[in-house]
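J.: Dropping in query.txt, which is compact mmCIF, C-alpha atoms:
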```txt
# COMPACT_ATOMS: atom_id res chain seq x y z
CA MET R 677 -1.52 11.89 8.95
CA ASP R 678 0.17 9.20 6.87
CA THR R 679 -1.84 7.32 4.27
CA PRO R 680 -2.39 3.70 5.38
CA ARG R 681 -0.80 1.07 3.15
CA GLY R 682 -1.26 -2.64 2.56
CA LEU R 683 -5.07 -2.42 2.69
CA ARG R 684 -7.36 -4.71 0.76
CA ILE R 685 -9.69 -2.55 -1.33
CA LEU R 686 -12.46 -3.73 -3.63
CA VAL R 687 -13.34 -1.22 -6.37
CA VAL R 688 -16.86 -1.74 -7.73
CA LEU R 689 -17.27 -0.35 -11.25
CA PRO R 690 -20.60 0.66 -12.81
CA LEU R 691 -22.08 -1.34 -15.67
CA TYR R 692 -21.29 1.54 -18.03
CA GLY R 693 -21.11 5.33 -18.06
CA GLY R 694 -18.78 8.21 -17.37
CA SER R 695 -17.62 6.98 -13.97
CA LEU R 696 -16.27 3.75 -15.49
CA PRO R 697 -12.85 5.16 -16.51
CA VAL R 698 -12.77 7.07 -13.21
CA GLY R 699 -13.09 3.76 -11.37
CA ARG R 700 -10.25 2.20 -13.31
CA SER R 701 -8.04 5.19 -12.55
CA CYS R 702 -8.92 4.90 -8.86
CA ALA R 703 -7.94 1.23 -8.85
CA ALA R 704 -4.59 2.01 -10.49
CA ALA R 705 -3.93 4.86 -8.06
CA LEU R 706 -4.73 2.71 -5.03
CA ALA R 707 -2.35 0.02 -6.28
CA ASP R 708 0.36 2.67 -6.70
CA LEU R 709 -0.25 3.64 -3.07
CA GLY R 710 0.66 0.12 -1.96
CA GLN R 711 -2.86 -1.25 -1.51
CA VAL R 712 -3.99 -4.72 -2.54
CA VAL R 713 -6.73 -3.96 -5.06
CA GLU R 714 -9.43 -6.13 -6.61
CA VAL R 715 -11.84 -4.76 -9.21
CA PHE R 716 -15.42 -5.95 -9.56
CA GLU R 717 -15.89 -5.84 -13.33
CA ALA R 718 -19.57 -4.92 -13.56
CA PRO R 719 -19.20 -4.04 -17.29
CA GLU R 720 -18.89 -7.78 -17.96
CA PHE R 721 -22.58 -8.05 -17.07
CA TYR R 722 -23.63 -5.18 -19.33
CA GLY R 723 -24.25 -7.31 -22.43
CA ALA R 724 -26.73 -9.53 -20.59
CA PHE R 725 -28.40 -6.48 -19.04
CA THR R 726 -28.97 -4.80 -22.42
CA ALA R 727 -30.20 -8.08 -23.90
CA LEU R 728 -33.28 -7.80 -21.70
CA LYS R 729 -34.53 -4.95 -23.90
CA SER R 730 -34.69 -7.28 -26.89
CA LEU R 731 -37.36 -9.46 -25.23
CA ARG R 732 -40.15 -7.13 -26.42
CA VAL R 733 -42.10 -7.35 -23.17
CA THR R 734 -44.25 -4.70 -21.49
CA SER R 735 -42.47 -1.77 -19.86
CA ASP R 736 -43.46 -2.78 -16.34
CA ARG R 737 -42.25 -6.34 -16.92
CA LEU R 738 -38.96 -5.04 -18.37
CA GLU R 739 -38.45 -2.80 -15.36
CA TYR R 740 -39.03 -5.80 -13.06
CA LEU R 741 -36.50 -7.90 -15.00
CA GLU R 742 -33.88 -5.14 -15.00
CA ASN R 743 -34.26 -4.60 -11.26
CA SER R 744 -34.03 -8.35 -10.64
CA PHE R 745 -30.91 -8.55 -12.80
CA LEU R 746 -29.26 -5.71 -10.86
CA GLN R 747 -30.08 -7.48 -7.61
CA VAL R 748 -28.23 -10.56 -8.88
CA VAL R 749 -25.19 -8.43 -9.79
CA SER R 750 -25.33 -6.82 -6.35
CA GLN R 751 -25.34 -10.27 -4.75
CA ALA R 752 -22.29 -11.09 -6.87
CA VAL R 753 -20.54 -8.09 -5.30
CA ALA R 754 -21.45 -9.45 -1.87
CA ALA R 755 -19.99 -12.84 -2.80
CA LYS R 756 -16.79 -11.14 -3.93
CA VAL R 757 -16.60 -9.33 -0.60
CA GLU R 758 -16.96 -12.61 1.30
CA THR R 759 -14.07 -14.11 -0.66
CA PHE R 760 -11.73 -11.12 -0.77
CA ALA R 761 -12.44 -9.82 2.78
CA PRO R 762 -11.61 -6.19 1.91
CA ASP R 763 -10.86 -3.42 4.38
CA LEU R 764 -12.83 -1.05 2.16
CA VAL R 765 -15.32 -1.26 -0.69
CA LEU R 766 -15.11 1.73 -3.04
CA ALA R 767 -18.14 2.09 -5.31
CA LEU R 768 -18.30 4.54 -8.18
CA ALA R 769 -21.46 6.38 -9.17
CA GLN R 770 -24.08 4.00 -10.66
CA ALA R 771 -22.27 0.96 -9.19
CA PRO R 772 -24.63 -2.04 -8.82
CA LEU R 773 -24.82 -2.13 -5.03
CA SER R 774 -28.32 -2.46 -3.57
CA ARG R 775 -29.40 -1.11 -0.21
CA GLN R 776 -29.93 -4.70 0.95
CA VAL R 777 -26.30 -5.60 0.26
CA LEU R 778 -25.05 -2.33 1.75
CA LYS R 779 -26.95 -3.15 4.95
CA ARG R 780 -25.35 -6.59 5.03
CA LEU R 781 -21.87 -5.17 4.55
CA ARG R 782 -22.43 -2.71 7.39
CA ARG R 783 -23.70 -5.55 9.61
CA ASP R 784 -20.56 -7.55 8.80
CA GLY R 785 -18.28 -4.63 9.58
CA VAL R 786 -17.11 -4.00 6.00
CA ALA R 787 -16.45 -0.29 5.42
CA THR R 788 -18.02 1.20 2.27
CA VAL R 789 -17.63 4.46 0.38
CA MET R 790 -19.15 5.85 -2.79
CA TRP R 791 -17.51 8.51 -4.93
CA PHE R 792 -20.56 10.22 -6.39
CA VAL R 793 -19.01 11.93 -9.42
CA GLU R 794 -22.29 13.42 -10.67
CA ASP R 795 -24.39 16.55 -10.27
CA PHE R 796 -26.59 15.98 -7.23
CA ARG R 797 -29.26 18.31 -8.60
CA LEU R 798 -29.66 16.30 -11.80
CA PHE R 799 -29.07 12.76 -10.51
CA THR R 800 -31.05 12.47 -7.29
CA TYR R 801 -30.66 8.76 -6.51
CA TRP R 802 -27.99 9.71 -3.96
CA GLU R 803 -30.78 10.48 -1.48
CA ALA R 804 -31.87 6.83 -1.39
CA PHE R 805 -28.37 5.33 -1.10
CA ALA R 806 -26.12 7.79 0.75
CA PRO R 807 -27.22 6.82 4.30
CA TYR R 808 -26.22 3.19 3.71
CA TYR R 809 -22.58 3.99 2.92
CA ASP R 810 -20.07 4.67 5.70
CA LEU R 811 -18.51 7.49 3.67
CA PHE R 812 -19.90 9.48 0.76
CA ALA R 813 -17.52 11.49 -1.44
CA VAL R 814 -18.96 14.15 -3.76
CA ILE R 815 -17.77 16.72 -6.32
CA GLN R 816 -19.87 19.56 -4.88
CA GLN R 817 -19.84 21.35 -1.54
CA GLU R 818 -22.76 23.16 0.05
CA PRO R 819 -25.66 22.72 0.10
CA LEU R 820 -24.92 19.05 -0.70
CA LEU R 821 -22.81 18.28 2.39
CA GLU R 822 -25.52 19.77 4.60
CA LYS R 823 -28.19 17.77 2.78
CA LEU R 824 -26.19 14.58 3.29
CA ALA R 825 -25.98 15.21 7.03
CA ALA R 826 -29.72 15.87 7.16
CA ILE R 827 -30.56 12.42 5.71
CA GLY R 828 -28.21 10.53 8.02
CA GLN R 829 -24.85 10.69 6.24
CA PRO R 830 -22.46 12.67 8.47
CA ASN R 831 -19.35 11.53 6.61
CA GLY R 832 -19.66 13.56 3.42
CA LEU R 833 -16.37 14.47 1.74
CA TYR R 834 -15.78 17.04 -0.97
CA LEU R 835 -13.50 15.24 -3.43
CA PRO R 836 -13.14 17.00 -6.80
CA MET R 837 -12.37 15.17 -10.02
CA ALA R 838 -8.83 14.47 -11.23
CA ALA R 839 -6.79 13.11 -14.14
CA ASP R 840 -4.36 10.26 -14.71
CA PRO R 841 -0.90 11.41 -15.92
CA THR R 842 -0.19 7.98 -17.40
CA VAL R 843 -3.24 8.43 -19.66
CA HIS R 844 -3.70 12.18 -20.05
CA ARG R 845 -0.34 13.42 -21.28
CA PRO R 846 1.25 15.51 -24.04
CA LEU R 847 1.61 13.60 -27.31
CA GLU R 848 3.54 14.07 -30.52
CA LEU R 849 0.99 13.31 -33.23
CA THR R 850 1.78 11.93 -36.64
CA PRO R 851 0.60 13.98 -39.66
CA VAL R 852 -2.20 11.44 -40.19
CA GLU R 853 -3.31 11.74 -36.55
CA ALA R 854 -3.15 15.53 -36.68
CA LYS R 855 -5.41 15.57 -39.71
CA ARG R 856 -7.84 13.01 -38.30
CA TYR R 857 -8.17 14.51 -34.82
CA GLY R 858 -7.10 18.10 -35.34
CA ALA R 859 -9.06 21.35 -35.54
CA PRO R 860 -8.13 24.96 -34.76
CA VAL R 861 -11.04 25.03 -32.30
CA SER R 862 -12.15 21.70 -30.87
CA PHE R 863 -14.78 20.33 -28.56
CA MET R 864 -15.03 16.75 -27.29
CA GLY R 865 -18.22 15.73 -25.50
CA ALA R 866 -21.91 14.97 -25.79
CA GLY R 867 -24.40 17.22 -27.52
CA TYR R 868 -26.25 18.72 -24.55
CA PRO R 869 -28.83 21.46 -25.35
CA ASN R 870 -26.74 24.37 -24.06
CA ARG R 871 -23.75 23.26 -26.12
CA ARG R 872 -25.80 23.05 -29.29
CA LEU R 873 -27.05 26.56 -28.62
CA ALA R 874 -23.55 27.91 -28.01
CA PHE R 875 -21.77 26.23 -30.90
CA ARG R 876 -24.33 27.39 -33.46
CA GLU R 877 -23.04 30.89 -32.65
CA LEU R 878 -19.45 29.89 -33.42
CA ALA R 879 -20.09 29.02 -37.07
CA ASP R 880 -17.52 31.57 -38.25
CA PHE R 881 -14.72 29.73 -36.41
CA GLU R 882 -13.08 26.52 -37.63
CA LEU R 883 -14.80 24.32 -35.09
CA GLY R 884 -14.46 20.53 -34.91
CA ILE R 885 -16.95 18.63 -32.73
CA PHE R 886 -16.11 15.15 -31.45
CA GLY R 887 -18.43 12.86 -29.51
CA SER R 888 -21.97 11.51 -29.66
CA ASP R 889 -25.55 12.81 -29.49
CA TRP R 890 -25.07 15.61 -32.04
CA ASP R 891 -27.46 14.25 -34.66
CA GLY R 892 -30.45 16.24 -35.89
CA ASP R 893 -28.74 19.63 -36.02
CA ALA R 894 -28.31 20.91 -39.59
CA VAL R 895 -26.06 23.81 -38.56
CA LEU R 896 -23.62 21.70 -36.57
CA ALA R 897 -23.71 18.56 -38.74
CA PRO R 898 -20.83 19.68 -41.06
CA ARG R 899 -18.64 20.26 -38.01
CA VAL R 900 -19.24 16.88 -36.36
CA ARG R 901 -16.21 14.62 -36.83
CA LEU R 902 -15.71 10.84 -36.79
CA SER R 903 -19.35 10.32 -37.82
CA GLY R 904 -20.56 11.48 -34.43
CA ARG R 905 -19.59 8.23 -32.70
CA ARG R 906 -18.32 7.78 -29.18
CA VAL R 907 -14.57 8.19 -28.96
CA THR R 908 -12.17 6.11 -26.90
CA THR R 909 -10.02 7.49 -24.11
CA GLU R 910 -6.95 7.17 -26.32
CA GLU R 911 -8.66 9.13 -29.08
CA THR R 912 -9.75 11.79 -26.61
CA VAL R 913 -6.13 12.41 -25.60
CA ARG R 914 -5.20 12.83 -29.26
CA ILE R 915 -8.08 15.25 -29.83
CA PHE R 916 -6.94 17.35 -26.86
CA ASN R 917 -3.37 17.45 -28.14
CA ALA R 918 -4.36 18.23 -31.75
CA ALA R 919 -6.35 21.42 -31.10
CA GLN R 920 -5.12 24.97 -30.87
CA VAL R 921 -8.01 25.82 -28.55
CA ASN R 922 -10.06 23.22 -26.66
CA LEU R 923 -13.51 24.47 -25.68
CA ASN R 924 -14.65 23.21 -22.29
CA LEU R 925 -18.30 24.14 -21.82
CA HIS R 926 -19.97 22.35 -18.90
CA SER R 927 -23.17 20.54 -19.78
CA SER R 928 -26.74 21.62 -19.06
CA VAL R 929 -30.06 20.04 -19.97
CA SER R 930 -31.52 23.53 -20.35
CA ALA R 931 -31.58 25.16 -23.79
CA GLU R 932 -32.44 28.60 -22.43
CA ALA R 933 -28.84 29.83 -22.15
CA PRO R 934 -25.56 28.60 -23.68
CA VAL R 935 -23.47 29.33 -20.57
CA VAL R 936 -25.15 28.24 -17.35
CA PRO R 937 -23.68 29.09 -13.91
CA GLY R 938 -22.62 26.05 -11.91
CA ASP R 939 -20.38 24.78 -9.12
CA PHE R 940 -18.72 21.41 -9.85
CA VAL R 941 -15.72 21.13 -12.18
CA ASN R 942 -15.94 18.40 -14.82
CA PRO R 943 -13.25 15.75 -15.51
CA ARG R 944 -12.41 17.38 -18.86
CA THR R 945 -10.94 20.39 -17.03
CA PHE R 946 -8.34 18.25 -15.27
CA GLU R 947 -7.69 15.99 -18.27
CA LEU R 948 -7.01 18.91 -20.63
CA ALA R 949 -4.72 20.47 -18.06
CA MET R 950 -2.84 17.20 -17.53
CA CYS R 951 -2.37 16.88 -21.31
CA GLY R 952 -0.73 20.29 -21.43
CA ALA R 953 -3.49 21.35 -23.83
CA PHE R 954 -4.89 24.87 -23.89
CA GLN R 955 -8.54 25.23 -22.90
CA LEU R 956 -11.21 27.89 -22.63
CA VAL R 957 -13.51 26.86 -19.77
CA ASP R 958 -16.70 28.45 -18.44
CA ARG R 959 -16.34 29.89 -14.94
CA ARG R 960 -17.43 27.67 -12.04
CA THR R 961 -17.74 28.64 -8.39
CA LEU R 962 -15.39 25.83 -7.28
CA LEU R 963 -12.77 26.49 -9.95
CA PRO R 964 -10.71 29.20 -8.17
CA GLU R 965 -9.60 26.83 -5.39
CA LEU R 966 -8.42 24.30 -7.97
CA PHE R 967 -6.64 26.46 -10.58
CA ALA R 968 -5.32 30.02 -10.57
CA ASP R 969 -6.53 32.68 -13.03
CA ASP R 970 -3.27 32.49 -15.00
CA GLU R 971 -3.55 28.70 -15.32
CA LEU R 972 -6.96 28.43 -17.00
CA ALA R 973 -8.49 30.92 -19.45
CA GLN R 974 -12.16 31.35 -18.57
CA PHE R 975 -15.39 32.92 -19.82
CA SER R 976 -18.82 33.69 -18.36
CA SER R 977 -20.91 34.44 -21.45
CA LEU R 978 -21.09 33.73 -25.15
CA PRO R 979 -19.83 37.20 -26.14
CA GLU R 980 -16.85 36.78 -23.81
CA LEU R 981 -16.21 33.32 -25.26
CA ARG R 982 -16.11 34.73 -28.79
CA GLU R 983 -13.81 37.56 -27.74
CA ARG R 984 -11.35 35.33 -25.88
CA LEU R 985 -11.45 32.69 -28.60
CA ALA R 986 -10.41 35.20 -31.24
CA TYR R 987 -7.64 36.52 -29.00
CA PHE R 988 -6.08 33.18 -28.15
CA LEU R 989 -6.22 31.91 -31.72
CA ALA R 990 -4.06 34.90 -32.63
CA HIS R 991 -1.64 34.51 -29.68
CA PRO R 992 -0.06 31.05 -29.51
CA GLU R 993 2.50 32.18 -26.92
CA ALA R 994 -0.33 33.11 -24.52
CA ARG R 995 -1.92 29.69 -25.05
CA ALA R 996 1.37 27.96 -24.25
CA GLY R 997 1.79 29.93 -21.04
CA PHE R 998 -1.62 28.94 -19.72
CA ALA R 999 -1.21 25.31 -20.76
CA GLN R 1000 2.19 24.89 -19.09
CA LYS R 1001 1.01 26.34 -15.80
CA ALA R 1002 -2.18 24.28 -15.81
CA ARG R 1003 -0.25 21.06 -16.41
CA ALA R 1004 2.15 21.83 -13.55
CA ARG R 1005 -0.79 22.42 -11.20
CA ALA R 1006 -2.57 19.24 -12.33
CA LEU R 1007 0.53 17.10 -11.85
CA ALA R 1008 1.14 18.54 -8.39
CA GLU R 1009 -2.40 18.51 -6.98
CA HIS R 1010 -4.99 16.88 -9.21
CA THR R 1011 -4.01 13.26 -9.78
CA TYR R 1012 -6.15 10.27 -8.79
CA THR R 1013 -3.34 9.26 -6.47
CA ARG R 1014 -3.79 12.49 -4.52
CA ARG R 1015 -7.56 11.96 -4.42
CA MET R 1016 -7.21 8.41 -3.11
CA GLU R 1017 -4.75 9.57 -0.45
CA THR R 1018 -7.34 12.11 0.70
CA LEU R 1019 -10.07 9.47 0.73
CA LEU R 1020 -8.06 6.97 2.79
CA ARG R 1021 -7.00 9.60 5.32
CA PHE R 1022 -10.65 10.67 5.64
CA ALA R 1023 -11.65 7.05 6.29
CA THR R 1024 -9.00 6.78 9.00
CA GLU R 1025 -10.30 9.96 10.66
CA ARG R 1026 -14.01 9.16 10.48
CA LEU R 1027 -14.20 5.40 11.02
CA PRO R 1028 -13.14 4.48 14.57
CA GLY R 1029 -10.90 1.43 14.71
CA TRP R 1030 -10.57 1.22 10.92
CA PRO R 1031 -9.08 -0.86 9.44
CA SER R 1032 -10.12 -3.65 11.78
CA ARG R 1033 -9.19 -6.82 9.87
CA PRO R 1034 -6.62 -8.91 11.81
CA ARG R 1035 -3.35 -9.15 9.96
CA GLY R 1036 -0.73 -11.84 9.81
CA GLU R 1037 2.95 -11.20 10.18
CA ALA R 1038 4.67 -9.26 7.42
CA ALA R 1039 5.81 -11.33 4.46
CA LEU R 1040 9.46 -10.43 5.11
CA ALA R 1041 9.40 -10.86 8.89
CA GLY R 1042 11.85 -13.47 10.18
CA LEU R 1043 12.91 -14.76 6.76
CA PRO R 1044 16.53 -15.78 6.17
CA GLU R 1045 18.49 -13.27 4.12
CA ASN R 1046 18.43 -15.36 0.93
CA LEU R 1047 14.63 -15.67 1.01
CA ALA R 1048 14.02 -12.08 2.16
CA GLY R 1049 15.95 -10.71 -0.81
CA GLU R 1050 13.85 -12.54 -3.40
CA VAL R 1051 10.56 -11.77 -1.68
CA GLY R 1052 11.59 -8.13 -1.21
CA GLN R 1053 12.16 -7.77 -4.94
CA LEU R 1054 8.70 -9.26 -5.55
CA LEU R 1055 7.13 -6.71 -3.18
CA GLU R 1056 8.88 -3.91 -5.04
CA ARG R 1057 7.62 -5.15 -8.43
CA LEU R 1058 4.07 -5.29 -7.06
CA SER R 1059 4.39 -1.81 -5.46
CA LEU R 1060 3.64 -3.30 -2.03
CA PRO R 1061 5.09 -1.97 1.24
CA ALA R 1062 7.78 -3.98 3.00
CA ASP R 1063 5.44 -4.65 5.95
CA VAL R 1064 2.61 -6.12 3.85
CA ALA R 1065 1.07 -9.25 5.33
CA PHE R 1066 1.87 -12.53 3.61
CA ASP R 1067 -1.78 -13.34 2.84
CA ASP R 1068 -2.14 -9.92 1.19
CA LEU R 1069 0.95 -10.62 -0.89
CA ILE R 1070 -0.71 -13.80 -2.17
CA TRP R 1071 -3.85 -11.86 -3.11
CA ALA R 1072 -1.76 -9.30 -4.99
CA VAL R 1073 -0.03 -12.06 -6.95
CA ARG R 1074 -3.36 -13.66 -7.82
CA ALA R 1075 -4.72 -10.33 -9.04
CA ARG R 1076 -1.70 -9.44 -11.17
CA GLN R 1077 -2.14 -9.31 -14.94
CA GLY R 1078 0.33 -10.85 -17.36
CA GLU R 1079 2.77 -13.73 -17.19
CA LEU R 1080 3.80 -14.83 -13.70
CA THR R 1081 7.42 -15.06 -12.65
CA PRO R 1082 8.74 -18.43 -11.38
CA LEU R 1083 8.56 -17.17 -7.78
CA GLU R 1084 4.97 -15.95 -8.21
CA THR R 1085 3.95 -19.25 -9.79
CA SER R 1086 5.62 -21.22 -7.01
CA LEU R 1087 3.99 -19.12 -4.29
CA LEU R 1088 0.54 -19.67 -5.75
CA PHE R 1089 1.21 -23.39 -6.19
CA SER R 1090 2.53 -23.74 -2.65
CA THR R 1091 -0.48 -21.95 -1.14
CA ASN R 1092 -3.07 -23.83 -3.20
CA GLY R 1093 -5.66 -25.09 -0.74
CA ALA R 1094 -4.19 -23.11 2.17
CA SER R 1095 -6.61 -21.49 4.59
CA SER R 1096 -7.71 -17.96 3.68
CA THR R 1097 -7.43 -16.95 7.34
CA VAL R 1098 -4.43 -14.96 8.52
CA LEU R 1099 -1.31 -17.11 8.38
CA GLY R 1100 0.94 -17.46 11.39
CA PRO R 1101 4.74 -17.04 11.13
CA ASN R 1102 5.52 -20.78 11.06
CA HIS R 1103 2.98 -21.50 8.32
CA ARG R 1104 4.12 -18.44 6.35
CA TYR R 1105 7.80 -19.48 6.59
CA PHE R 1106 6.92 -23.03 5.54
CA LEU R 1107 4.98 -21.84 2.46
CA ILE R 1108 7.69 -19.44 1.30
CA SER R 1109 10.37 -22.10 1.78
CA ARG R 1110 8.20 -24.56 -0.10
CA ALA R 1111 7.83 -22.08 -2.96
CA PHE R 1112 11.60 -21.84 -3.32
CA SER R 1113 11.84 -25.62 -3.21
CA ILE R 1114 9.34 -25.83 -6.05
CA MET R 1115 11.42 -23.29 -8.01
CA ALA R 1116 14.59 -25.26 -7.43
CA SER R 1117 12.93 -28.53 -8.47
CA ALA R 1118 11.64 -26.88 -11.65
CA VAL R 1119 15.13 -25.63 -12.51
CA VAL R 1120 16.65 -29.10 -11.97
CA THR R 1121 13.95 -30.75 -14.06
CA THR R 1122 14.52 -28.25 -16.87
CA LEU R 1123 18.29 -28.81 -16.80
CA GLU R 1124 17.85 -32.57 -16.90
CA PHE R 1125 15.43 -32.28 -19.81
CA ASP R 1126 17.78 -30.01 -21.72
CA SER R 1127 20.69 -32.39 -21.09
CA ASN R 1128 18.72 -35.40 -22.27
CA ALA R 1129 17.49 -33.49 -25.31
CA ARG R 1130 21.03 -32.59 -26.27
CA TRP R 1131 22.14 -36.16 -25.66
```
Produce C-alpha cells that represent the structure in this file.

T.:
Amino acid sequence: MDTPRGLRILVVLPLYGGSLPVGRSCAAALADLGQVVEVFEAPEFYGAFTALKSLRVTSDRLEYLENSFLQVVSQAVAAKVETFAPDLVLALAQAPLSRQVLKRLRRDGVATVMWFVEDFRLFTYWEAFAPYYDLFAVIQQEPLLEKLAAIGQPNGLYLPMAADPTVHRPLELTPVEAKRYGAPVSFMGAGYPNRRLAFRELADFELGIFGSDWDGDAVLAPRVRLSGRRVTTEETVRIFNAAQVNLNLHSSVSAEAPVVPGDFVNPRTFELAMCGAFQLVDRRTLLPELFADDELAQFSSLPELRERLAYFLAHPEARAGFAQKARARALAEHTYTRRMETLLRFATERLPGWPSRPRGEAALAGLPENLAGEVGQLLERLSLPADVAFDDLIWAVRARQGELTPLETSLLFSTNGASSTVLGPNHRYFLISRAFSIMASAVVTTLEFDSNARW
C-alpha cells in the first residue's frame, strides 16, 4: 500500500521531556514525505507553567493551577485544529491534550494518534488516555497491545524508536572537541539507580559519564563530565563520535541489579547506530528483530559487560565492523521517515474513509505552461507532490521558515483574506495569475526606482 501524500498533519509536542526531539524529527520526516505539517509548539508555554511553582502556594492549590493551565494549553491545541483543519493530529507522549479535547476532535471527525514512546509499566497514564485516540502507537508489544484492546483501543500499533540521519551522523571532530567530549569508554544519559550500580563496578576503566542526575555519588563524581549538566542534541552526537566504546545500558528505577531484563529498545540504540558509533548494549527481547547479532555487541550481565568491554577496547577492527553494519541497518530500516510511513499506512488501513477532508483541485491542474513551470518548481522546493491541492500549498508556504521567495510572497499576498474553504479551479487560477501579476508589478517598480536612482 502506498503512503498517502499531501495530507495536513498537526504534530503536538510535549511541554518538555524526552519525546520533544522525537516530535521534531517526526514533523521533519512527515514533511519529507510530502505532507503539509504544522507543529504545535507546546514548549513555548513551559516557562509560564514552571512559573506557577514560584507562587509558594499549598500543594493542592498548585496542582489545581497546573491542571487548569494544561487545560488552557489543550484548548489552544483545539483552536489550532479548527484553523488548520488537519487530516491527522499526531501527539507525542506527554502532549497537552485533555480527554475533553480528544472527545471533541473525535466528534468533529478529526483523526488522532499518539506515539507513546515510554515504558507502559512505569508510566501508566496511557490507561486514561488511550481509548480517546483513534490510533495508539507504542514501543512495546505484548502484553501492552492486548491491554490496549481490553480498555477500548483496538488500533494499537507497535512502532519502535528510530533516528534521524540528518542529526545522528558520523562526524570528524576537531582536537578540541575530541578532548572535550572524548573518552575511551563513554556513557551519555541520566543517572538511574541501576546505572549508578553498574558504573561503580567499572572504576578500573577510563569511563566518561555525560548527562544529568549523577550528583551525590562520590565514586562516580570524578568521572562525570561537563559538570553533570544536560547536554544538547548536537553535543550528544559529538559524544557518540568521540568514544571508542559507547555503553548503552537501559534505565531502571530499581537499584537491586545493574542489568535488568526488558523489552523495549531505547532511542540511544538507534542514534548510536546511525552515527556509525560502536556500542555495547544490554540484551532486550525486542532487539533481535531490529538488529542482527553481528550489528550490535550485547551483554546480559555485569561480568559479561566487563569481559566484552575489555575485548573491544583491545580490538578496534572488531568495533569498526559492528559499527558499519549497524549504521547500514539503521539507514535502511530505522529512520523516522520509515516510522511515519508505517504510521500513515496503518491509519489508512484502520480508519475507514480516511482521509475524509474534501480537497480542491491540484495546484498545477489546468494552469498554462508558463505558470505551471514556476509553481512546479515551488512544489519541488517545498517537497510537495505534484497533485497537492492549492489550499494545502498555501498552508505549506505560510508554515515555511526563512525568507520567502517573490512567488511565495506574491501567493500569500494574493490570497490574503481568501476563504479557507477548498478553492475551486476558477478561483485558484485567478489567485495564481494574480500572484504573477504582483510579481511582475514589483519587478517593474524596482526597475523604475533603480533607473530614477541612477538618473

J.: Could you work out how far CA of Pro690 in chain R lies from CA of Leu768 in chain R, giving the answer in Å with one decimal?

T.: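 Taking CA of Leu768 in chain R and CA of Pro690 in chain R, their separation equals 6.5 Å.
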
J.: Hey, which of R:Phe725, R:Phe863, R:Phe881, R:Tyr834 ends up closest to Thr1018 in chain R? Count only C-alpha atoms.

T.: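 The closest residue to Thr1018 in chain R is R:Tyr834.
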
J.: With only C-alpha atoms as the counted atoms, please give the residues lying no more than 9 Å from Val907 in chain R, apart from itself and same-chain residues fewer than 5 positions off, as a count of residues only.

T.: 6

J.: For each of R:Val715, R:Ala894, R:Leu778, R:Ile1070, take the minimum atom-to-atom distance to Leu811 in chain R, counting all atoms listed in the file, then give the residue where this is smallest.

T.: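 Smallest distance to Leu811 in chain R is found for R:Leu778.
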
J.: Using CA of Gln1000 in chain R and CA of Ser695 in chain R as the two end points, give the distance in Å to one decimal.

T.: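 Rounded to one decimal, the two atoms are 27.2 Å apart.
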
J.: Check the smallest atom-to-atom distance from each of R:Glu794, R:Glu818, R:Glu947, R:Glu714 to Tyr1012 in chain R using all atoms listed in the file, then report the winner.

T.: R:Glu947

J.: So which residues touch Pro869 in chain R within 10 Å, counting all atoms listed in the file, skipping near sequence neighbours fewer than 4 positions away, as a list in words?

T.: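 Non-adjacent residues within range: Leu873, Ala874, Trp890, Ser927, Ser928, Val929, Ser930, Ala931, Glu932, Ala933 and Pro934 of chain R.
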
J.: Need the shell around Met837 in chain R: protein/DNA/RNA residues with any atom at most 10 Å away, counting all atoms listed in the file. Skip same-chain ones fewer than 6 positions apart. Format as a list in words?

T.: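 Counting all atoms listed in the file, the residues come to Val698, Trp791, Val793, Val814, Ile815, Phe940, Val941, Asn942, Pro943, Arg944, Thr945, Phe946, Glu947, His1010, Thr1011, Tyr1012 and Arg1015 of chain R.
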
J.: Tell me which protein, DNA and RNA residues are within 8 Å of Arg914 in chain R, counting only C-alpha atoms, leaving out same-chain ones fewer than 6 positions away, and put them as an NGL selection string.

T.: :R and (847 or 849 or 853 or 857)

J.: So how far away is CA of Glu1079 in chain R from CA of Leu689 in chain R, in Å?

T.: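 Calculated distance between CA of Leu689 in chain R and CA of Glu1079 in chain R is 24.8 Å.
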
J.: Between R:Leu820, R:Ala999, R:Val1051, R:Leu985, which one has atoms that come closest to Phe1066 in chain R, using all atoms listed in the file?

T.: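 Ranked by minimum distance to Phe1066 in chain R, first place goes to R:Val1051.
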
J.: Please write as an NGL selection string the list of polymer residues whose atoms come within 10 Å of (0.5, 14.7, -11.5), counting only C-alpha atoms and keeping to the coordinates of the file.

T.: :R and (838-842 or 844-845 or 950 or 1003-1014)

J.: Measuring between only C-alpha atoms, which one of R:Leu691, R:Ile915, R:Leu741, R:Leu833 shows the shortest distance to Glu1025 in chain R?

T.: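 For Glu1025 in chain R, the nearest of the given residues is R:Leu833.
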
J.: Find, counting all atoms listed in the file, the residue in R:Leu878, R:Leu746, R:Ala755, R:Leu1020 that gets nearest to Ala718 in chain R.

T.: R:Leu746

J.: Taking (-4.3, 1.1, 9.1) in the coordinates of the supplied file, I want to know which residues reach to within 7 Å of it, counting all atoms listed in the file; could you give the answer as a ChimeraX atom specification?

T.: /R:680-681,1030-1031

J.: Name all residues at most 12 Å from Pro819 in chain R (count only C-alpha atoms; drop same-chain ones fewer than 2 positions away) and give them as an NGL selection string.

T.: :R and (796-797 or 814-817 or 821-826 or 832 or 834 or 939)
